[in-house]
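Colleague: Before we start, here is the structure in question, set down as structure tokens.
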Number of protein chains: 2
Amino acid sequence: MYIEKIKSPADIKGLGIKELKTVCDEVRNAVLNRVSKHGGHVGPNLGFVEATVALHYVFNAHKDKFVFDVSHQCYPHKVLTGRASGFLGDVDDMNAISGYSSPAESPMYDNFEVGHTSTSISLATGLQKARDVKGGDENIIAIIGDGSLSGGEAYEGLNEASELGTGIIIIVNDNEMSIAENHGGLYKNLALLRSTQGKAECNIFKALGFDYKYLEEGNDVEKLIALFSSVKGADKPTVLHIHTEKGHGFAPATENKEAWHWGMPFDVNTGAPLVERYGSESYEQLFSEFMLSEMKKDPTLIAVTAGTPAAAGFSKSKRLEAGAQHLDMGIAEEQACAMSSGMAKGGLRPVWTVYSTFIQRTYDQIAQDLCINSNPAVINVMWGGCGTMNDITHICLFDIPMLCSIPNLLYLAPATCEEYFAMLRWAIRQDMKPVAIRVPSNGVNHASESVDEEYGYEPAYKITRQGSSVAIIAAGSFYQKGEKVVELLYQQGINATLINPRYLSALDTKTLDALKADHSLVVTLEDGCKDGGFGERIAAYYGTSDMKVLVGGIKKDLYDRFDQQQLLSDNRLLDEQIVEDVLGLL
Amino acid sequence: MYIEKIKSPADIKGLGIKELKTVCDEVRNAVLNRVSKHGGHVGPNLGFVEATVALHYVFNAHKDKFVFDVSHQCYPHKVLTGRASGFLGDVDDMNAISGYSSPAESPMYDNFEVGHTSTSISLATGLQKARDVKGGDENIIAIIGDGSLSGGEAYEGLNEASELGTGIIIIVNDNEMSIAENHGGLYKNLALLRSTQGKAECNIFKALGFDYKYLEEGNDVEKLIALFSSVKGADKPTVLHIHTEKGHGFAPATENKEAWHWGMPFDVNTGAPLVERYGSESYEQLFSEFMLSEMKKDPTLIAVTAGTPAAAGFSKSKRLEAGAQHLDMGIAEEQACAMSSGMAKGGLRPVWTVYSTFIQRTYDQIAQDLCINSNPAVINVMWGGCGTMNDITHICLFDIPMLCSIPNLLYLAPATCEEYFAMLRWAIRQDMKPVAIRVPSNGVNHASESVDEEYGYEPAYKITRQGSSVAIIAAGSFYQKGEKVVELLYQQGINATLINPRYLSALDTKTLDALKADHSLVVTLEDGCKDGGFGERIAAYYGTSDMKVLVGGIKKDLYDRFDQQQLLSDNRLLDEQIVEDVLGLL
């Protein structure tokens, strides 16, 4: 074992090729050990083991700057930069090391916190310019997968790297896959370059002004070392296009690359999952089944994704079933939004499904391309709330403040499964406005009573329990919390009103006004950042009245790998805390 | 005169080449007539006259769909589609026709409201898909300038248009200019293609999978007709790269292309401006002078723009003076933000200046690339408020809700010129956090008292006048409004407190708590959208107390070419209205 002795990249500098190959095997096993026990990104990390060893052999981090795109391929780098414990240790050790590039974790070797795609080249150009201004001679190296190259920011970065004209090395890690398969004209060129061993004249990187080298054997550490050595210290913008195998060295991952992009813990010998990926029901599954069923009746219904078909439950077989009614843009949320607007304008019924954390990649397109044009596309927002992703780069708390500040967007928050599908059916059917729906993220809860089938552009809250004195307005994924709070209050002798607001983007002032008659306190509950969110707007509406308002939500802040219960507690959002606060205010 | 008889594009179908050339001359004169009297986009429209006439001659709008990028070249199209009155009539007629593509104005001929760049191809792919699904045979035509091609959304659109693989025609209107000069690797390829008459093998459009044709004589209506006719009905994604002259046919505009991209009214014979572009002082001028002076002392200070150097007062001569300390990304806000983060990480002091309306093009990069990484870049936000741009696509009211919902961003709002520069100096000097500054947009007001030189990460409001009973918290560009309201209240016998909050992104709870002692009403004033903004957060903070809060700001809505005084009045933001409301609440 070399790996346990590697405390920094300097420790591999003296090794020969045979020993480096052993290091590669050990790094691969370390990665597999982590992902099989802890879960994480499997395929992209396995495919980048040899390149990482070669990078650290040839270059001198931390003087030389590595910038990893989206961090899906940074595990081998972590193993070699003092963080092997996160791969070889127990689950606590693993939890201590994040799955993403993180200067908070390793200021020496990680340059940026990164978890969204297509940012590496842009970030690296900043380091390139800084080096040029300060007269340094370090190598600046951006590492980007072919899948991440579909995002517009990557293209903007390529343009600027070329414009600067000085040394920057961009490693295009081409494993012929995005998270799912690749989509976009770019991939025709990458295929041409692979098939010609990089010799085709028509080359997007050369067109953009880069020196370019191709390596077919992207999992051959010796050849990678030769390639990297040949450009070390290069004083021109340079693209190294290396052809790697996603999941390299682990048969289940190479056989089903999409399923093994990211995974929960599994048996490292067989690949069999150790936990069920989904419970008995999931919105991903229900949504995709609903869409496939509706698509058969309506050829104009189109399911849209920007590189994350799994967010909508569209597995490969379901995509095949949907055929041309499923559109994957690659990782290109701006395109997904603008094209959905165009499709709606053209008479189609697009439903774009996107994780809460990624919707912020397309603010301007939602505002300009979609909402100013009032085209009736539907945005299906997944995982909004504090019970989903919890890495600092993947927080899902900001969709309410963002979407509710964009004029002419209706943002709905269903409280139950039945309400969600009723809203979705209505949103698809109506043809006046863009509608976003915040899919509940607290499991599939079924309605105990009938839900409305018709919705509208004027908000209409639903009073689900009429009480007095205090009203709980509990939105979306926090509606069930509202039910529990009302129940607990009842046990304390308080007969509270419970309201399912259903509409997040504007206030039902009629209902709010009516509450003034026999209520003195309104409590708002939303599963998201409260700063700029839903409840503050209600507080402002009541600002000049005698109504007291307690806004319940999560304080704006950076959060990293938080514990959900702790986060709720810190924000006084546990059921009993809310009850305590209400009692204190009555 | 043909032009006055052209009620729809059908009216030019029967004309011969000689007559079409006359139509071109007349359209050019009509464009010049409007821009010289009304102001607007000069150069890009003049350069696209012949192409527009040829487009309408060859294709059949509205069956065929034209999608104009950013709308900077849509005036000739408006002249030919029933809107000549906006070019030939009086100023009222001109005001009735917007400067942008607008289906609200012409549902027959305009497909999208468009004013931000790089969106046309993405929007057009939606129409392309709709046509394919519905089995239509219309031509889908996106019209995009070379300058707009720098934006990532355009690249994402190219990728998808190619992926769809069916007919779409993308006209690249290459006038060798963005708003200012072009920047980015792409422009090396466009130059190569121009110099080889489109014959170079290394061709980004071919690399992305397009059929490609080049036309050198992009202002020759006959050759344009031949080119467009050759691809009419094409069933493959096709790029037509036409070389035009920005400002064609108007000598002042061809001689100084940047100055004539957009302009205020001018003498059509000489090009001399009819009104002064700036008053005696402007923040653009003051900022650029400050930066140039500081740059000489500090080589790490970098002025950044995404294609709009004028927003920061960086004229061509000032850019030359700044040299490598001025960076223009082209129209690529995501790159500007992410690279600024990288530069700050690398030890530089980037200050990125951006108009309020365009900052929403880079939400994710501000949140992820910049704020999660806590790199000390400075964002200089221009024109935020209701006194600047007023076209529906250029509203500057949403930067406060957006930026104040992003964790770890400090957003400052200076009330005066002196305070602005004090904040700017501090923001550049500090090295802990990203700082955005909302430059006042109500003219250059000078401070009557000294301002603080030091700021911090914890908000500290400044009480500028101590009164009691009612406190006016008046932010940034509305601070002077707060002064007037306090004065009017004093005339009514009310001695109000006036507060300059200075910090928008978090609350100074100490000051807010202290107000409870001898105030019963707080009025917040902000020059922006109040939904999700500054005041609502204060209302929520006081929600469970006895303090009443009146939130003053502009209601979230779509606005188009609004009258500022009317907008203020509609939102009860005129000084006397605020006083009236305060009196009603006391």
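In the structure tokens, chains take the letters A, B, ... in the order shown, each chain's residues start at 1, and ligands count up from 1 in the order shown.
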Can you list every residue in segment 35-271 of chain A that DSSP puts in strand (DSSP E), as a PyMOL selection string?
Modeller: chain A and resi 40-41+65-68+140-145+168-174+211-215+237-243+262-263
Colleague: Can you check which residues of segment 90-278 of chain B DSSP gives as alpha helix (DSSP H) on the backbone and send them as a count of residues only?
Modeller: 64
Colleague: Write out as a ChimeraX atom specification each polymer residue whose atoms come within 9 Å of Leu512 of chain B, counting only C-alpha atoms; drop sequence neighbours fewer than 4 positions from it.
Modeller: /B:461,507-508,516,538,541-542
Colleague: Of the residues B:Ser520, B:Asn173, B:Ser195, B:Ser120, which is the one nearest to Asp546 of chain A, using only C-alpha atoms?
Modeller: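 Residue with the minimum atom-to-atom distance to Asp546 of chain A: B:Ser520.
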Colleague: Just the residues within 12 Å of Gly347 of chain B, please, counting only C-alpha atoms, with nothing from its chain fewer than 5 positions along; format it as JSON, numbers by chain.
Modeller: {"A": [126, 127, 128, 129, 130, 131, 132, 133, 134, 136], "B": [298, 299, 300, 301, 302, 340, 341, 342, 375, 376, 377, 428, 429, 430, 431, 432]}
Colleague: So which one's closest to Leu573 of chain A, A:Lys199, A:Phe478, A:Ser545, A:Arg561? Using only C-alpha atoms, please.
Modeller: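 For Leu573 of chain A, the nearest of the given residues is A:Phe478.
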Colleague: With distances taken over only C-alpha atoms, which of A:Thr81, A:Asn95, A:Thr388, A:Thr524 is nearest to Val35 of chain A?
Modeller: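 Of A:Thr81, A:Asn95, A:Thr388, A:Thr524, the one nearest Val35 of chain A is A:Asn95, counting only C-alpha atoms.
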Colleague: Tell me which protein, DNA and RNA residues are within 12 Å of Gly184 of chain B, counting only C-alpha atoms, leaving out same-chain ones fewer than 3 positions away, and put them as number ranges by chain.
Modeller: A: 155-165, 207-210; B: 146-152, 177-178, 181, 187-191, 306-307, 327-332, 335
Colleague: Could you tell me how far atom CA of Lys206 of chain A lies from atom CA of Cys202 of chain B, in Å and to one decimal?
Modeller: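 Computing it gives 7.1 Å between the two atoms.
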Colleague: So which residues touch Pro103 of chain B within 10 Å, counting only C-alpha atoms, skipping near sequence neighbours fewer than 3 positions away, as a list in words?
Modeller: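 Those residues are Asn373 of chain A; Tyr100, Ser106, Pro107, Met108, Tyr109, Asp110, Asn111, Phe112, Glu113 and Val114 of chain B.
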Colleague: Generate the output file for the selected residues, all heavy atoms, as a compact mmCIF listing (two decimals), in the first residue's frame.
Modeller:
# COMPACT_ATOMS: atom_id res chain seq x y z
N ASN A 373 -43.02 37.41 -21.73
CA ASN A 373 -43.78 36.95 -22.88
C ASN A 373 -45.06 36.21 -22.51
O ASN A 373 -45.85 35.87 -23.39
CB ASN A 373 -42.88 36.06 -23.76
CG ASN A 373 -41.90 36.90 -24.56
OD1 ASN A 373 -42.29 37.54 -25.52
ND2 ASN A 373 -40.64 36.92 -24.15
N TYR B 100 -38.22 47.84 -29.30
CA TYR B 100 -37.90 46.41 -29.17
C TYR B 100 -38.96 45.56 -29.85
O TYR B 100 -40.10 45.99 -30.02
CB TYR B 100 -37.79 46.04 -27.68
CG TYR B 100 -36.67 46.80 -27.01
CD1 TYR B 100 -36.89 48.05 -26.43
CD2 TYR B 100 -35.37 46.29 -27.02
CE1 TYR B 100 -35.85 48.77 -25.86
CE2 TYR B 100 -34.33 47.00 -26.46
CZ TYR B 100 -34.57 48.24 -25.88
OH TYR B 100 -33.53 48.94 -25.33
N SER B 106 -47.30 44.02 -32.16
CA SER B 106 -47.59 43.41 -33.46
C SER B 106 -47.63 41.89 -33.32
O SER B 106 -46.64 41.20 -33.58
CB SER B 106 -46.50 43.80 -34.48
OG SER B 106 -46.73 43.13 -35.70
N PRO B 107 -48.78 41.36 -32.91
CA PRO B 107 -48.86 39.90 -32.73
C PRO B 107 -48.63 39.15 -34.04
O PRO B 107 -48.19 37.99 -34.01
CB PRO B 107 -50.28 39.68 -32.20
CG PRO B 107 -51.01 40.96 -32.33
CD PRO B 107 -50.01 42.05 -32.50
N MET B 108 -48.88 39.78 -35.15
CA MET B 108 -48.66 39.13 -36.44
C MET B 108 -47.18 38.91 -36.74
O MET B 108 -46.79 37.88 -37.28
CB MET B 108 -49.21 40.02 -37.57
CG MET B 108 -50.70 39.96 -37.77
SD MET B 108 -51.21 38.48 -38.68
CE MET B 108 -50.73 38.94 -40.37
N TYR B 109 -46.38 39.91 -36.44
CA TYR B 109 -45.02 39.90 -36.98
C TYR B 109 -43.91 39.79 -35.94
O TYR B 109 -42.77 39.53 -36.28
CB TYR B 109 -44.80 41.14 -37.85
CG TYR B 109 -45.70 41.16 -39.06
CD1 TYR B 109 -46.74 42.06 -39.19
CD2 TYR B 109 -45.53 40.19 -40.05
CE1 TYR B 109 -47.58 42.05 -40.30
CE2 TYR B 109 -46.37 40.17 -41.17
CZ TYR B 109 -47.39 41.10 -41.29
OH TYR B 109 -48.22 41.07 -42.38
N ASP B 110 -44.24 40.07 -34.71
CA ASP B 110 -43.22 39.94 -33.66
C ASP B 110 -43.57 38.72 -32.82
O ASP B 110 -44.73 38.59 -32.38
CB ASP B 110 -43.17 41.18 -32.78
CG ASP B 110 -42.58 42.39 -33.51
OD1 ASP B 110 -42.30 42.28 -34.72
OD2 ASP B 110 -42.41 43.44 -32.87
N ASN B 111 -42.62 37.88 -32.56
CA ASN B 111 -42.91 36.64 -31.85
C ASN B 111 -42.59 36.70 -30.36
O ASN B 111 -43.18 35.96 -29.58
CB ASN B 111 -42.18 35.48 -32.52
CG ASN B 111 -42.80 35.14 -33.85
OD1 ASN B 111 -43.93 34.67 -33.91
ND2 ASN B 111 -42.10 35.46 -34.94
N PHE B 112 -41.66 37.56 -29.98
CA PHE B 112 -41.27 37.63 -28.57
C PHE B 112 -40.94 39.06 -28.18
O PHE B 112 -40.41 39.81 -28.99
CB PHE B 112 -40.05 36.75 -28.28
CG PHE B 112 -40.26 35.29 -28.57
CD1 PHE B 112 -39.84 34.73 -29.77
CD2 PHE B 112 -40.91 34.48 -27.65
CE1 PHE B 112 -40.05 33.39 -30.03
CE2 PHE B 112 -41.12 33.14 -27.91
CZ PHE B 112 -40.69 32.58 -29.11
N GLU B 113 -41.24 39.39 -26.93
CA GLU B 113 -40.72 40.60 -26.32
C GLU B 113 -39.25 40.32 -26.01
O GLU B 113 -38.94 39.40 -25.24
CB GLU B 113 -41.43 40.93 -25.00
CG GLU B 113 -42.94 41.06 -25.08
CD GLU B 113 -43.41 42.42 -25.59
OE1 GLU B 113 -42.60 43.37 -25.59
OE2 GLU B 113 -44.58 42.52 -25.99
N VAL B 114 -38.35 41.08 -26.58
CA VAL B 114 -36.93 40.78 -26.41
C VAL B 114 -36.14 42.06 -26.19
O VAL B 114 -36.31 43.03 -26.93
CB VAL B 114 -36.36 40.06 -27.66
CG1 VAL B 114 -34.86 39.85 -27.50
CG2 VAL B 114 -37.05 38.74 -27.91
Colleague: Check the smallest atom-to-atom distance from each of A:Asp399, A:Asp64, A:Glu418, A:Asp369 to Pro434 of chain A using only C-alpha atoms, then report the winner.
Modeller: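 Counting only C-alpha atoms, the residue closest to Pro434 of chain A is A:Asp369.
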Colleague: Calculate how many Å separate atom CA of Leu320 of chain A from atom CA of Ala253 of chain A, rounding to one decimal.
Modeller: 21.0 Å
Colleague: Counting only C-alpha atoms, figure out which residue out of A:Ile97, A:Val351, A:Val444, A:Leu370 gets nearest to chain B.
Modeller: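 Closest to chain B, using only C-alpha atoms: A:Leu370.
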Colleague: Could you check the closest approach to His248 of chain B for each of B:Tyr75, B:Phe48, B:Phe228, B:Phe290 and tell me which residue wins, using only C-alpha atoms?
Modeller: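 The answer is B:Phe48, which sits nearest to His248 of chain B.
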Colleague: If I take atom CA of Ile12 of chain A and atom CA of Leu80 of chain A, how far is one from the other in Å, to one decimal?
Modeller: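 Between atom CA of Ile12 of chain A and atom CA of Leu80 of chain A the gap is 8.7 Å.
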